[in-house]
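Student: Dropping in structure_33.txt, with compact mmCIF, C-alpha atoms and all ligand atoms.
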```txt
# COMPACT_ATOMS: atom_id res chain seq x y z
CA MET A 1 0.00 0.00 0.00
CA ASP A 2 1.26 3.45 -0.92
CA LEU A 3 0.10 5.81 1.78
CA ILE A 4 0.51 9.55 2.22
CA LEU A 5 0.34 11.00 5.69
CA PHE A 6 -0.60 14.61 6.38
CA GLY A 7 -0.84 16.37 9.72
CA PRO A 8 -0.07 19.77 11.22
CA PRO A 9 3.37 20.24 12.80
CA GLY A 10 3.30 19.01 16.37
CA ALA A 11 0.38 16.61 15.80
CA GLY A 12 2.56 13.51 16.20
CA LYS A 13 2.67 12.63 12.49
CA GLY A 14 6.30 11.44 12.61
CA THR A 15 5.61 9.08 15.49
CA GLN A 16 2.50 7.70 13.78
CA ALA A 17 4.43 7.21 10.54
CA LYS A 18 7.00 5.11 12.41
CA ARG A 19 4.27 3.01 13.99
CA LEU A 20 2.58 2.45 10.62
CA THR A 21 5.91 1.38 9.19
CA GLU A 22 5.94 -1.53 11.63
CA LEU A 23 2.25 -2.32 11.22
CA LEU A 24 2.29 -2.29 7.41
CA GLY A 25 5.80 -3.65 6.93
CA THR A 26 6.55 -0.86 4.46
CA PRO A 27 9.20 1.82 4.91
CA GLN A 28 8.65 5.46 5.67
CA VAL A 29 10.11 7.61 2.92
CA SER A 30 11.07 11.09 3.94
CA THR A 31 12.84 13.33 1.43
CA GLY A 32 14.98 14.93 4.15
CA ASP A 33 16.31 11.60 5.44
CA MET A 34 16.88 10.21 1.95
CA MET A 35 18.75 13.32 0.77
CA ARG A 36 20.98 13.25 3.84
CA ALA A 37 21.72 9.56 3.22
CA GLU A 38 22.69 10.16 -0.43
CA ARG A 39 24.97 13.03 0.52
CA ALA A 40 26.60 10.94 3.24
CA LYS A 41 27.14 8.09 0.74
CA GLY A 42 28.63 10.55 -1.73
CA SER A 43 26.53 9.05 -4.55
CA GLU A 44 26.14 10.82 -7.89
CA LEU A 45 22.70 11.99 -6.81
CA GLY A 46 24.08 13.05 -3.43
CA ARG A 47 26.70 15.20 -5.13
CA LYS A 48 23.97 16.86 -7.21
CA PHE A 49 22.03 17.62 -4.02
CA ASP A 50 25.19 19.10 -2.56
CA GLU A 51 25.50 21.52 -5.48
CA PHE A 52 22.12 23.02 -4.68
CA MET A 53 22.06 22.69 -0.91
CA SER A 54 25.55 24.16 -0.39
CA LYS A 55 24.32 27.30 -2.18
CA GLY A 56 21.17 27.37 -0.07
CA LEU A 57 19.03 26.61 -3.14
CA LEU A 58 15.99 24.35 -3.26
CA VAL A 59 16.67 20.95 -4.80
CA PRO A 60 14.67 20.72 -8.07
CA ASP A 61 11.67 18.38 -8.08
CA ALA A 62 13.19 16.30 -10.89
CA LEU A 63 16.13 15.32 -8.68
CA VAL A 64 13.87 14.52 -5.74
CA LEU A 65 11.78 12.31 -8.01
CA GLU A 66 14.89 10.50 -9.19
CA LEU A 67 15.57 9.79 -5.53
CA PHE A 68 12.05 8.43 -5.03
CA LYS A 69 12.39 6.30 -8.14
CA GLN A 70 15.52 4.64 -6.74
CA ARG A 71 14.04 4.28 -3.27
CA LEU A 72 10.75 2.75 -4.40
CA ASP A 73 12.66 0.20 -6.46
CA GLN A 74 14.40 -1.21 -3.41
CA PRO A 75 13.11 -4.58 -2.13
CA ASP A 76 11.61 -3.24 1.13
CA ALA A 77 9.56 -0.61 -0.74
CA LYS A 78 8.34 -2.82 -3.60
CA ASN A 79 4.98 -3.39 -1.94
CA GLY A 80 4.43 0.13 -0.73
CA ALA A 81 5.72 3.07 1.22
CA ILE A 82 4.58 5.68 3.67
CA PHE A 83 5.16 9.20 2.35
CA ASP A 84 5.81 11.66 5.12
CA GLY A 85 6.43 15.30 4.23
CA TYR A 86 5.98 14.77 0.50
CA PRO A 87 4.34 15.88 -1.76
CA ARG A 88 4.14 19.52 -0.68
CA THR A 89 2.66 20.94 -3.89
CA VAL A 90 0.15 19.81 -6.52
CA PRO A 91 2.83 19.56 -9.26
CA GLN A 92 4.80 17.27 -6.92
CA ALA A 93 1.67 15.20 -6.33
CA GLU A 94 1.13 14.87 -10.09
CA ALA A 95 4.75 13.87 -10.58
CA LEU A 96 4.50 11.29 -7.81
CA ASP A 97 1.38 9.85 -9.48
CA ARG A 98 3.29 9.48 -12.75
CA LEU A 99 6.25 7.89 -11.00
CA LEU A 100 4.07 5.36 -9.17
CA ALA A 101 2.11 4.63 -12.37
CA GLU A 102 5.36 3.69 -14.14
CA ALA A 103 5.78 0.98 -11.51
CA GLY A 104 2.13 -0.10 -11.82
CA ARG A 105 1.36 1.53 -8.48
CA LYS A 106 -0.76 4.40 -7.24
CA VAL A 107 -1.43 6.39 -4.10
CA ASP A 108 -3.88 4.12 -2.30
CA LEU A 109 -4.80 6.35 0.59
CA VAL A 110 -4.17 9.80 2.04
CA ALA A 111 -4.61 9.93 5.80
CA SER A 112 -4.97 13.43 7.15
CA ILE A 113 -4.40 13.69 10.91
CA GLU A 114 -6.58 16.56 12.06
CA VAL A 115 -6.13 18.59 15.22
CA GLY A 116 -7.82 21.95 15.79
CA LEU A 117 -5.87 25.10 16.56
CA PRO A 118 -7.14 25.48 20.18
CA GLU A 119 -6.06 21.89 20.82
CA MET A 120 -2.63 22.53 19.26
CA ILE A 121 -2.16 25.61 21.46
CA GLU A 122 -3.16 23.69 24.58
CA ARG A 123 -0.90 20.85 23.53
CA ILE A 124 2.30 22.89 23.31
CA ALA A 125 1.69 24.28 26.79
CA LEU A 126 2.10 20.68 27.99
CA ARG A 127 5.02 19.77 25.73
CA ARG A 128 8.40 19.12 27.31
CA THR A 129 11.72 18.48 25.59
CA CYS A 130 14.75 16.72 27.11
CA GLU A 131 17.79 18.98 27.23
CA ALA A 132 20.11 16.00 27.00
CA CYS A 133 18.69 13.70 24.29
CA GLY A 134 15.97 15.77 22.58
CA GLN A 135 13.18 13.32 23.41
CA ILE A 136 9.78 15.05 23.28
CA TYR A 137 7.08 14.31 25.84
CA HIS A 138 3.57 15.50 26.40
CA LEU A 139 2.54 15.70 30.04
CA ARG A 140 -0.88 14.23 29.26
CA TYR A 141 -0.60 12.14 26.10
CA ASN A 142 2.97 10.86 26.29
CA PRO A 143 4.05 11.48 29.87
CA PRO A 144 7.69 11.31 30.99
CA PRO A 145 8.71 9.12 33.96
CA SER A 146 8.56 12.25 36.13
CA PRO A 147 7.29 15.75 35.17
CA ASP A 148 10.79 17.26 34.94
CA ARG A 149 13.01 14.25 34.13
CA CYS A 150 13.52 12.28 30.91
CA SER A 151 13.98 8.50 30.94
CA CYS A 152 17.66 9.23 30.15
CA GLY A 153 17.92 11.33 33.32
CA GLY A 154 18.09 14.64 31.42
CA LYS A 155 16.18 17.73 32.49
CA LEU A 156 12.87 18.46 30.72
CA VAL A 157 12.27 22.00 29.53
CA GLN A 158 9.81 23.97 27.39
CA ARG A 159 11.38 25.03 24.13
CA PRO A 160 11.53 28.78 23.54
CA ASP A 161 9.69 28.47 20.19
CA ASP A 162 6.81 26.58 21.79
CA THR A 163 4.71 29.72 22.00
CA GLU A 164 1.11 30.31 20.98
CA GLU A 165 2.19 32.79 18.31
CA VAL A 166 4.64 30.37 16.67
CA VAL A 167 2.15 27.50 16.80
CA ARG A 168 -0.61 29.64 15.27
CA LYS A 169 1.67 30.75 12.44
CA ARG A 170 2.91 27.21 11.67
CA TYR A 171 -0.64 25.89 11.79
CA GLU A 172 -1.96 28.49 9.37
CA GLU A 173 0.95 27.88 7.01
CA TYR A 174 0.26 24.16 7.13
CA LEU A 175 -3.44 24.60 6.31
CA ALA A 176 -2.71 26.96 3.43
CA LYS A 177 -0.07 24.63 1.98
CA THR A 178 -2.07 21.43 2.46
CA ALA A 179 -5.50 22.61 1.29
CA PRO A 180 -4.72 22.32 -2.47
CA LEU A 181 -3.27 18.82 -1.92
CA LEU A 182 -6.27 17.63 0.07
CA ASP A 183 -8.41 19.00 -2.73
CA TYR A 184 -6.31 17.19 -5.37
CA TYR A 185 -6.51 13.83 -3.58
CA GLY A 186 -10.04 14.49 -2.36
CA LYS A 187 -11.27 14.64 -5.97
CA LYS A 188 -9.84 11.15 -6.41
CA GLY A 189 -11.72 10.01 -3.30
CA LEU A 190 -8.52 9.09 -1.48
CA VAL A 191 -8.59 11.33 1.60
CA ARG A 192 -9.54 9.97 5.02
CA ALA A 193 -9.64 12.39 7.94
CA VAL A 194 -8.32 11.00 11.20
CA ASP A 195 -9.10 12.67 14.51
CA GLY A 196 -5.69 13.50 15.95
CA VAL A 197 -6.93 14.42 19.42
CA GLY A 198 -6.08 11.82 22.05
CA SER A 199 -3.20 9.62 23.12
CA LEU A 200 -0.68 8.26 20.61
CA ASP A 201 -2.32 4.82 20.94
CA GLU A 202 -5.80 6.21 20.30
CA VAL A 203 -4.64 7.99 17.15
CA THR A 204 -2.79 4.86 15.96
CA ALA A 205 -5.99 2.84 16.46
CA ARG A 206 -7.95 5.33 14.33
CA LEU A 207 -5.31 5.21 11.61
CA LYS A 208 -5.43 1.42 11.61
CA GLN A 209 -9.18 1.55 11.17
CA VAL A 210 -8.96 3.98 8.26
CA ILE A 211 -6.25 1.92 6.55
CA GLY A 212 -8.21 -1.28 7.04
CA LEU A 213 -5.75 -2.91 9.41
CA THR A 214 -7.95 -4.77 11.81
CA GLY A 215 -6.30 -5.75 15.05
CA PRO A 216 -6.85 -9.17 16.72
CA GLU A 217 -9.44 -7.72 19.11
CA VAL A 218 -11.52 -6.40 16.21
CA ALA A 219 -11.19 -9.71 14.35
CA SER A 220 -12.42 -11.73 17.32
CA ARG A 221 -15.32 -9.36 17.82
CA THR A 222 -16.52 -9.79 14.25
CA LYS A 223 -16.23 -13.57 14.60
CA GLY A 224 -18.17 -13.63 17.87
ZN ZN B 1 16.57 12.45 27.55
```
Starting from the file, lay out its structure as structure tokens.
Tutor:
Amino acid sequence: MDLILFGPPGAGKGTQAKRLTELLGTPQVSTGDMMRAERAKGSELGRKFDEFMSKGLLVPDALVLELFKQRLDQPDAKNGAIFDGYPRTVPQAEALDRLLAEAGRKVDLVASIEVGLPEMIERIALRRTCEACGQIYHLRYNPPPSPDRCSCGGKLVQRPDDTEEVVRKRYEEYLAKTAPLLDYYGKKGLVRAVDGVGSLDEVTARLKQVIGLTGPEVASRTKG
């Protein structure tokens, strides 16, 4: 299954993507991670990325698509992938469609994790970051072992950019950027909204439902 995951920054999309990776047995493909890997390897593509990135320029879509093409051809991604942070524009979405079509594949589902702005603002007030290892906790939804200590022993702090103003701005940018994509995939009937309010486990359970992954408890209930 080729799945695209959308969600506002701070809604736990990265964590959910990792969980889905395990549940679906397909890799998460993130352009940032893949570009870093190519540059570290010093591959031909990596050197091309370097040319743009060292000048502070955006990497052209064509190069990013070349990267996807290579990645989706690898054995672990033959049966599907989870796209996180891509596409960001409608032309990128169209290009991804063409790329998948060449491999006889298509975007099967777009899961959009939805969290309202008031909830996002309340959420950051309860967010804590470990000074030592960078682990992020939420005092209600993903609580640390103690309110001011990480499991690594580091001190938990509130990040300076975790302010209402920053969250509001990021949220509005996200909505503006994502709306045309949700419209593009919505016309194809591929978008499923997932309520992102609740614990990580609750949101994972909703995603599983939307994707059609029925857990053992659901299976036994339908049997009984
Ligand atoms: Zn820590």
Student: Distance CA of Ile121 in chain A-CA of Glu164 in chain A, one decimal place?
Tutor: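 Computed distance, CA of Ile121 in chain A to CA of Glu164 in chain A, equals 5.7 Å.
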Student: Within 7 Å of ligand ZN 1 (chain B), counting all atoms listed in the file, which protein or nucleic acid residues do you find, written as JSON, numbers by chain?
Tutor: {"A": [130, 131, 132, 133, 134, 135, 150, 151, 152, 153, 154]}
Student: Taking all atoms listed in the file into account, which of A:Lys169, A:Arg128, A:Arg47, A:Lys208 comes nearest Arg149 in chain A?
Tutor: A:Arg128
Student: Excluding range 21-37 of chain A and its own-chain neighbours fewer than 3 positions away, which residues fall within 7 Å of it when counting only C-alpha atoms? Please give them as an NGL selection string.
Tutor: :A and (17-18 or 40-41 or 46 or 76-77 or 80-85)
Student: Please produce an output containing C-alpha atoms for each residue in the selection, written as a PDB file, keeping the file's coordinate frame.
Tutor:
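selection01.pdb, written as the output of this step:
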```
ATOM      1  CA  ALA A  17       4.430   7.210  10.540  1.00  0.00           C
ATOM      2  CA  LYS A  18       7.000   5.110  12.410  1.00  0.00           C
ATOM      3  CA  ALA A  40      26.600  10.940   3.240  1.00  0.00           C
ATOM      4  CA  LYS A  41      27.140   8.090   0.740  1.00  0.00           C
ATOM      5  CA  GLY A  46      24.080  13.050  -3.430  1.00  0.00           C
ATOM      6  CA  ASP A  76      11.610  -3.240   1.130  1.00  0.00           C
ATOM      7  CA  ALA A  77       9.560  -0.610  -0.740  1.00  0.00           C
ATOM      8  CA  GLY A  80       4.430   0.130  -0.730  1.00  0.00           C
ATOM      9  CA  ALA A  81       5.720   3.070   1.220  1.00  0.00           C
ATOM     10  CA  ILE A  82       4.580   5.680   3.670  1.00  0.00           C
ATOM     11  CA  PHE A  83       5.160   9.200   2.350  1.00  0.00           C
ATOM     12  CA  ASP A  84       5.810  11.660   5.120  1.00  0.00           C
ATOM     13  CA  GLY A  85       6.430  15.300   4.230  1.00  0.00           C
TER      14      GLY A  85
END
```
Student: Would you mind reading off the distance between CA of Ser43 in chain A and CA of Val90 in chain A, one decimal, in Å?
Tutor: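 Here the two named atoms are 28.6 Å from each other.
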Student: Which value, in Å to one decimal, gives the distance between CA of Asp162 in chain A and CA of Leu57 in chain A?
Tutor: 27.8 Å
Student: Please complete range 90-104 of chain A so it has N, CA, C and O atoms, and hand it over as a compact mmCIF listing (two decimals), in the coordinates of the input.
Tutor:
```txt
# COMPACT_ATOMS: atom_id res chain seq x y z
N VAL A 90 0.92 20.61 -5.56
CA VAL A 90 0.15 19.81 -6.52
C VAL A 90 1.04 19.29 -7.66
O VAL A 90 0.92 18.12 -8.03
N PRO A 91 1.94 20.12 -8.23
CA PRO A 91 2.83 19.56 -9.26
C PRO A 91 3.65 18.36 -8.75
O PRO A 91 3.87 17.40 -9.48
N GLN A 92 4.08 18.42 -7.50
CA GLN A 92 4.80 17.27 -6.92
C GLN A 92 3.89 16.05 -6.81
O GLN A 92 4.31 14.92 -7.05
N ALA A 93 2.63 16.30 -6.45
CA ALA A 93 1.67 15.20 -6.33
C ALA A 93 1.43 14.56 -7.70
O ALA A 93 1.38 13.33 -7.82
N GLU A 94 1.34 15.40 -8.73
CA GLU A 94 1.13 14.87 -10.09
C GLU A 94 2.34 14.06 -10.54
O GLU A 94 2.20 13.00 -11.14
N ALA A 95 3.52 14.57 -10.20
CA ALA A 95 4.75 13.87 -10.58
C ALA A 95 4.86 12.53 -9.84
O ALA A 95 5.28 11.53 -10.41
N LEU A 96 4.47 12.54 -8.58
CA LEU A 96 4.50 11.29 -7.81
C LEU A 96 3.52 10.26 -8.40
O LEU A 96 3.84 9.08 -8.50
N ASP A 97 2.36 10.74 -8.83
CA ASP A 97 1.38 9.85 -9.48
C ASP A 97 1.98 9.20 -10.72
O ASP A 97 1.82 8.00 -10.95
N ARG A 98 2.69 10.01 -11.51
CA ARG A 98 3.29 9.48 -12.75
C ARG A 98 4.37 8.44 -12.41
O ARG A 98 4.45 7.40 -13.04
N LEU A 99 5.17 8.78 -11.41
CA LEU A 99 6.25 7.89 -11.00
C LEU A 99 5.70 6.54 -10.52
O LEU A 99 6.18 5.47 -10.91
N LEU A 100 4.67 6.59 -9.69
CA LEU A 100 4.07 5.36 -9.17
C LEU A 100 3.43 4.57 -10.32
O LEU A 100 3.53 3.34 -10.37
N ALA A 101 2.78 5.29 -11.24
CA ALA A 101 2.11 4.63 -12.37
C ALA A 101 3.11 3.84 -13.21
O ALA A 101 2.80 2.75 -13.70
N GLU A 102 4.32 4.39 -13.37
CA GLU A 102 5.36 3.69 -14.14
C GLU A 102 5.68 2.33 -13.53
O GLU A 102 6.09 1.41 -14.22
N ALA A 103 5.50 2.24 -12.20
CA ALA A 103 5.78 0.98 -11.51
C ALA A 103 4.50 0.17 -11.28
O ALA A 103 4.48 -0.80 -10.53
N GLY A 104 3.41 0.60 -11.97
CA GLY A 104 2.13 -0.10 -11.82
C GLY A 104 1.51 0.12 -10.45
O GLY A 104 0.76 -0.71 -9.96
```
